[in-house]
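Below: entry-v1.txt (compact mmCIF, C-alpha atoms)
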```txt
# COMPACT_ATOMS: atom_id res chain seq x y z
CA MET A 633 -66.11 71.08 30.76
CA ASN A 634 -66.73 67.67 32.25
CA LEU A 635 -69.14 65.04 31.05
CA GLU A 636 -72.47 64.93 32.88
CA TYR A 637 -73.19 62.28 35.49
CA ASP A 638 -75.37 59.43 34.27
CA SER A 639 -77.17 57.50 37.01
CA ILE A 640 -77.71 54.44 34.80
CA TRP A 641 -73.96 53.90 34.42
CA PRO A 642 -72.97 55.64 37.73
CA CYS A 643 -70.22 57.67 36.10
CA HIS A 644 -69.63 60.90 34.18
CA CYS A 645 -70.25 59.75 30.61
CA SER A 646 -73.26 61.69 29.35
CA ILE A 647 -73.57 64.63 26.93
CA ARG A 648 -76.77 66.44 26.05
CA LEU A 649 -76.73 67.49 22.40
CA ASN A 650 -78.08 70.88 21.34
CA CYS A 651 -81.09 69.07 19.84
CA GLY A 652 -81.92 67.74 23.34
CA ARG A 653 -80.86 64.12 22.82
CA GLU A 654 -78.74 62.61 25.58
CA ILE A 655 -75.84 60.44 24.41
CA ILE A 656 -73.42 58.25 26.34
CA LEU A 657 -69.68 58.02 25.78
CA GLU A 658 -69.19 54.25 25.38
CA VAL A 659 -65.61 54.07 24.09
CA LEU A 660 -62.75 56.55 24.36
CA HIS A 661 -59.42 55.94 22.62
CA GLN A 662 -56.67 58.55 22.86
CA GLU A 663 -53.12 58.83 21.67
CA LEU A 664 -50.57 61.48 20.96
CA THR A 665 -51.32 63.08 17.61
CA TYR A 666 -47.70 62.92 16.50
CA ARG A 667 -46.76 59.60 18.07
CA GLY A 668 -44.05 58.21 15.84
CA LEU A 669 -42.99 61.55 14.32
CA MET A 670 -39.24 61.31 14.63
CA LEU A 671 -37.80 64.35 12.88
CA GLY A 672 -38.97 67.70 11.67
CA SER A 673 -42.33 69.29 12.12
CA PRO A 674 -45.67 68.60 10.46
CA THR A 675 -47.12 70.52 7.54
CA SER A 676 -50.66 70.99 6.28
CA GLU A 677 -50.24 67.97 4.01
CA THR A 678 -48.90 65.69 6.73
CA ASN A 679 -51.68 66.82 9.06
CA ASP A 680 -54.28 65.91 6.42
CA MET A 681 -52.71 62.43 6.26
CA THR A 682 -52.66 62.25 10.07
CA ILE A 683 -56.39 62.99 10.24
CA LYS A 684 -57.09 60.32 7.59
CA ARG A 685 -54.99 57.84 9.59
CA PHE A 686 -57.14 58.49 12.67
CA VAL A 687 -60.31 57.99 10.60
CA THR A 688 -58.99 54.54 9.62
CA ILE A 689 -58.05 53.78 13.24
CA ALA A 690 -61.54 54.83 14.40
CA ALA A 691 -63.28 52.72 11.78
CA ASN A 692 -61.20 49.68 12.74
CA LEU A 693 -61.68 50.19 16.49
CA CYS A 694 -65.44 50.52 16.17
CA HIS A 695 -65.95 48.08 13.25
CA ILE A 696 -67.59 50.57 10.91
CA LEU A 697 -66.91 52.14 7.53
CA ASP A 698 -64.62 55.16 7.26
CA GLN A 699 -67.44 57.35 5.97
CA SER A 700 -69.38 56.75 9.21
CA VAL A 701 -66.74 58.61 11.25
CA VAL A 702 -67.36 62.27 12.08
CA VAL A 703 -64.24 64.42 12.27
CA ILE A 704 -64.42 67.66 14.17
CA GLU A 705 -62.09 69.92 12.23
CA PRO A 706 -59.15 70.59 14.51
CA PRO A 707 -57.62 74.01 15.02
CA ARG A 708 -54.38 74.33 13.07
CA ARG A 709 -51.61 76.62 14.22
CA SER A 710 -48.17 77.71 13.06
CA TYR A 711 -46.48 77.08 16.41
CA LEU A 712 -45.89 74.13 18.71
CA ARG A 713 -46.01 75.61 22.23
CA GLU A 714 -46.19 79.37 21.82
CA PRO A 715 -46.50 81.80 18.90
CA GLY A 716 -43.19 82.27 17.11
CA ASP A 717 -41.44 79.10 18.28
CA MET A 718 -41.34 77.73 14.70
CA ASP A 719 -40.05 80.90 13.01
CA SER A 720 -36.62 79.38 12.40
CA HIS A 721 -38.26 76.62 10.32
CA ARG A 722 -40.11 79.20 8.24
CA ARG A 723 -36.87 81.02 7.42
CA ARG A 724 -35.58 77.78 5.88
CA GLY A 725 -38.66 77.50 3.66
CA TRP A 726 -40.49 74.95 5.83
CA VAL A 727 -44.01 75.97 6.86
CA SER A 728 -44.94 74.12 10.04
CA GLU A 729 -48.53 73.47 10.97
CA TRP A 730 -49.50 71.88 14.26
CA LEU A 731 -52.67 70.18 15.44
CA PRO A 732 -53.50 69.82 19.13
CA MET A 733 -51.30 67.18 20.76
CA VAL A 734 -53.92 64.52 21.62
CA ALA A 735 -56.19 62.73 19.17
CA CYS A 736 -59.43 61.46 20.71
CA ILE A 737 -61.76 58.87 19.22
CA GLY A 738 -65.09 58.54 20.99
CA GLN A 739 -67.99 56.23 20.33
CA PHE A 740 -71.23 57.74 21.60
CA GLY A 741 -74.48 55.84 21.75
CA THR A 742 -78.13 56.07 22.64
CA CYS A 743 -81.05 53.69 22.76
CA GLU A 744 -84.65 54.39 21.78
CA GLY A 745 -86.96 51.44 22.22
CA LYS A 746 -85.47 48.49 20.36
CA LEU A 747 -83.22 50.64 18.19
CA GLU A 748 -79.71 51.48 19.25
CA SER A 749 -77.62 54.06 17.46
CA PHE A 750 -74.11 55.32 17.77
CA VAL A 751 -71.70 57.76 16.20
CA VAL A 752 -67.91 57.70 16.17
CA ILE A 753 -66.33 61.13 16.55
CA ILE A 754 -62.70 62.20 16.25
CA TRP A 755 -61.53 65.39 17.88
CA PHE A 756 -58.18 66.84 18.87
CA GLN A 757 -57.28 68.67 22.07
CA ASP A 758 -54.15 69.78 23.90
CA GLU A 759 -54.46 67.41 26.88
CA PHE A 760 -55.72 63.91 27.47
CA ALA A 761 -59.44 63.75 28.35
CA PRO A 762 -61.47 63.88 30.45
CA PRO A 763 -62.42 66.60 30.52
CA ILE A 764 -63.20 67.12 26.88
CA SER A 765 -62.00 70.58 25.87
CA ASP A 766 -64.73 73.22 25.86
CA LEU A 767 -64.30 73.91 22.13
CA SER A 768 -64.53 70.22 21.21
CA LEU A 769 -67.47 69.61 23.53
CA GLU A 770 -69.45 72.45 21.97
CA GLN A 771 -68.76 71.03 18.51
CA ILE A 772 -69.79 67.54 19.63
CA LYS A 773 -73.03 68.96 21.04
CA SER A 774 -73.87 70.52 17.68
CA ILE A 775 -73.57 67.28 15.68
CA ASP A 776 -76.68 66.28 13.72
CA TRP A 777 -77.29 62.91 15.37
CA ASP A 778 -79.84 61.62 12.87
CA GLU A 779 -77.62 62.41 9.88
CA ASN A 780 -74.41 60.87 11.26
CA THR A 781 -75.42 57.81 13.26
CA VAL A 782 -75.21 54.12 12.59
CA VAL A 783 -78.48 52.45 13.63
CA TYR A 784 -78.87 48.80 14.50
CA GLU A 785 -81.52 46.60 16.06
CA PRO A 786 -80.12 44.13 18.62
```
Could you render the structure from this file as structure tokens?
Amino acid sequence: MNLEYDSIWPCHCSIRLNCGREIILEVLHQELTYRGLMLGSPTSETNDMTIKRFVTIAANLCHILDQSVVVIEPPRRSYLREPGDMDSHRRRGWVSEWLPMVACIGQFGTCEGKLESFVVIIWFQDEFAPPISDLSLEQIKSIDWDENTVVYEP
């Protein structure tokens, strides 16, 4: 699913949340989830560390605290490309767990009167965006904006 067209910014950068609020994608950073993984395959533990690493990257990119970053829990699977392709690892006692191949960090914002607010969201998908994967987009739309945003007055 593509982002909606926003006439203010003349580009496809808008998402309407389930609560009705319209937000704008202001920043999008993407990189391969396993960039730098040289040998072997990831496990549940290494994936947990990978997600934490992206939280730190997001906080640094957007100049906020780690706890202000919303992580959409990524799907985890036991195969890389197709079911069964990691079975040889399992026979050797190694339990592989894979996240989608692309980590996305988006800063979304909105303005109401003099107050501006934004939220930084991390999600994972199998291809570079746009478009944002349907599953991730639906999860982004369900975010509680008021609970997760950083508000500032310019």
Practice prompt. Give the answer as one residue: which of A:Ser749, A:Pro715, A:Phe760, A:Thr742 has the shortest atom-to-atom distance to Val783 of chain A, using all atoms listed in the file?
Written response: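 Answer, going by the shortest atom-to-atom distance: A:Ser749.
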Worksheet item: Nearest to Trp777 of chain A: which of A:Cys645, A:Cys651, A:Ile764, A:Cys694 is it, counting all atoms listed in the file?
Response: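 Counting all atoms listed in the file, the residue closest to Trp777 of chain A is A:Cys651.
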Worksheet item: At what distance in Å, to one decimal, does atom CA of Ile754 of chain A lie from atom CA of Val702 of chain A?
Response: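 Between these atoms lies a distance of 6.3 Å.
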Item to complete: Using only C-alpha atoms, give me every residue within 12 Å of (-67.3, 70.7, 24.4) in file coordinates, as a VMD selection string.
Response: chain A and resid 633 to 636 646 to 650 704 755 to 757 761 to 775
Practice prompt. Find the residue from A:Arg685, A:Ala691, A:Pro706, A:Ile696 that sits nearest to Val734 of chain A; use only C-alpha atoms when measuring.
Written response: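 The closest residue to Val734 of chain A is A:Pro706.
Checking A:His661, A:Glu705, A:Glu779, A:Val751 one by one against Leu731 of chain A, counting all atoms listed in the file, you find the shortest gap at A:Glu705.
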Discussion item. Applying 12 Å and only C-alpha atoms, which residues near Thr678 of chain A remain after dropping the ones on its own chain fewer than 3 positions away? List them as a ChimeraX atom specification.
Written reply: /A:665-666,669,672-675,681-685,727-731
Worksheet entry | Atom-to-atom span, atom CA of Ser700 of chain A and atom CA of Phe750 of chain A, Å |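 Taking atom CA of Ser700 of chain A as the start and atom CA of Phe750 of chain A as the end point, the length is 9.9 Å.
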Discussion item. Using only C-alpha atoms for the distances, tell me which of A:His695, A:Arg713, A:Arg708, A:Arg667 is nearest to Gln739 of chain A.
Written reply: A:His695
Coordinates of box centre and edge lengths for segment 729-733 of chain A, 8 Å on every side, axis-aligned, as lines of an AutoDock Vina configuration file:
```
center_x = -51.0
center_y = 70.3
center_z = 15.9
size_x = 21.0
size_y = 22.3
size_z = 25.8
```
Item to complete: Would you mind telling me which residue in A:Ile753, A:Leu657, A:Met733, A:Leu671 lies nearest to Val687 of chain A when using only C-alpha atoms?
Response: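 So, comparing all the options, the nearest one is A:Ile753.
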Practice prompt. Record the distance separating atom CA of Asp758 of chain A and atom CA of Cys736 of chain A, expressed in Å with one decimal.
Written response: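 Interatomic distance here is 10.4 Å.
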Expected file content for segment 634-706 of chain A, C-alpha atoms, as a JSON list (two decimals), in the first residue's frame:
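As a result, result_39.json now contains:
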```json
[["chain", "number", "residue", "atom", "x", "y", "z"],
["A", 634, "ASN", "CA", 1.38, 3.39, -0.95],
["A", 635, "LEU", "CA", 1.40, 6.53, 1.11],
["A", 636, "GLU", "CA", -1.40, 8.98, 0.38],
["A", 637, "TYR", "CA", -0.78, 12.11, -1.68],
["A", 638, "ASP", "CA", -0.44, 15.28, 0.36],
["A", 639, "SER", "CA", -1.11, 18.50, -1.55],
["A", 640, "ILE", "CA", 0.80, 20.65, 0.96],
["A", 641, "TRP", "CA", 4.05, 18.81, 0.23],
["A", 642, "PRO", "CA", 3.10, 17.70, -3.34],
["A", 643, "CYS", "CA", 4.23, 14.13, -2.78],
["A", 644, "HIS", "CA", 3.03, 10.81, -1.38],
["A", 645, "CYS", "CA", 3.94, 11.18, 2.29],
["A", 646, "SER", "CA", 0.68, 11.09, 4.23],
["A", 647, "ILE", "CA", -0.93, 8.39, 6.39],
["A", 648, "ARG", "CA", -4.33, 8.60, 8.04],
["A", 649, "LEU", "CA", -4.27, 6.86, 11.41],
["A", 650, "ASN", "CA", -7.21, 4.74, 12.55],
["A", 651, "CYS", "CA", -8.09, 7.52, 15.02],
["A", 652, "GLY", "CA", -8.55, 9.90, 12.05],
["A", 653, "ARG", "CA", -5.39, 11.97, 12.52],
["A", 654, "GLU", "CA", -3.35, 12.60, 9.38],
["A", 655, "ILE", "CA", 0.42, 12.34, 9.79],
["A", 656, "ILE", "CA", 3.26, 13.12, 7.41],
["A", 657, "LEU", "CA", 6.35, 10.99, 6.85],
["A", 658, "GLU", "CA", 9.14, 13.55, 7.38],
["A", 659, "VAL", "CA", 12.22, 11.31, 7.55],
["A", 660, "LEU", "CA", 12.80, 7.79, 6.24],
["A", 661, "HIS", "CA", 16.03, 5.91, 6.95],
["A", 662, "GLN", "CA", 16.45, 2.36, 5.69],
["A", 663, "GLU", "CA", 19.19, -0.20, 5.74],
["A", 664, "LEU", "CA", 19.61, -3.92, 5.44],
["A", 665, "THR", "CA", 18.67, -5.56, 8.72],
["A", 666, "TYR", "CA", 21.73, -7.79, 8.71],
["A", 667, "ARG", "CA", 24.22, -5.36, 7.20],
["A", 668, "GLY", "CA", 27.56, -6.39, 8.62],
["A", 669, "LEU", "CA", 26.57, -9.98, 9.48],
["A", 670, "MET", "CA", 29.51, -11.89, 8.08],
["A", 671, "LEU", "CA", 29.04, -15.52, 9.07],
["A", 672, "GLY", "CA", 26.29, -17.75, 10.31],
["A", 673, "SER", "CA", 22.66, -16.93, 10.76],
["A", 674, "PRO", "CA", 20.86, -14.87, 13.39],
["A", 675, "THR", "CA", 19.11, -16.25, 16.45],
["A", 676, "SER", "CA", 16.36, -14.89, 18.67],
["A", 677, "GLU", "CA", 18.99, -13.34, 20.94],
["A", 678, "THR", "CA", 20.92, -11.67, 18.13],
["A", 679, "ASN", "CA", 17.67, -10.36, 16.67],
["A", 680, "ASP", "CA", 16.75, -8.81, 20.02],
["A", 681, "MET", "CA", 20.14, -7.05, 19.99],
["A", 682, "THR", "CA", 19.58, -5.99, 16.36],
["A", 683, "ILE", "CA", 16.25, -4.38, 17.25],
["A", 684, "LYS", "CA", 17.88, -2.55, 20.20],
["A", 685, "ARG", "CA", 20.64, -1.34, 17.86],
["A", 686, "PHE", "CA", 18.04, 0.16, 15.53],
["A", 687, "VAL", "CA", 16.32, 1.87, 18.48],
["A", 688, "THR", "CA", 19.65, 3.55, 19.29],
["A", 689, "ILE", "CA", 20.17, 4.49, 15.63],
["A", 690, "ALA", "CA", 16.65, 5.97, 15.49],
["A", 691, "ALA", "CA", 17.13, 7.98, 18.67],
["A", 692, "ASN", "CA", 20.42, 9.37, 17.37],
["A", 693, "LEU", "CA", 19.04, 10.18, 13.92],
["A", 694, "CYS", "CA", 16.04, 12.02, 15.32],
["A", 695, "HIS", "CA", 17.72, 13.49, 18.43],
["A", 696, "ILE", "CA", 15.35, 11.92, 20.95],
["A", 697, "LEU", "CA", 15.53, 9.47, 23.85],
["A", 698, "ASP", "CA", 15.43, 5.73, 23.17],
["A", 699, "GLN", "CA", 12.17, 5.34, 25.07],
["A", 700, "SER", "CA", 10.46, 7.73, 22.61],
["A", 701, "VAL", "CA", 10.93, 5.26, 19.74],
["A", 702, "VAL", "CA", 8.02, 2.98, 18.84],
["A", 703, "VAL", "CA", 9.02, -0.46, 17.56],
["A", 704, "ILE", "CA", 6.51, -2.41, 15.54],
["A", 705, "GLU", "CA", 7.23, -5.99, 16.51],
["A", 706, "PRO", "CA", 8.62, -7.65, 13.41]]
```
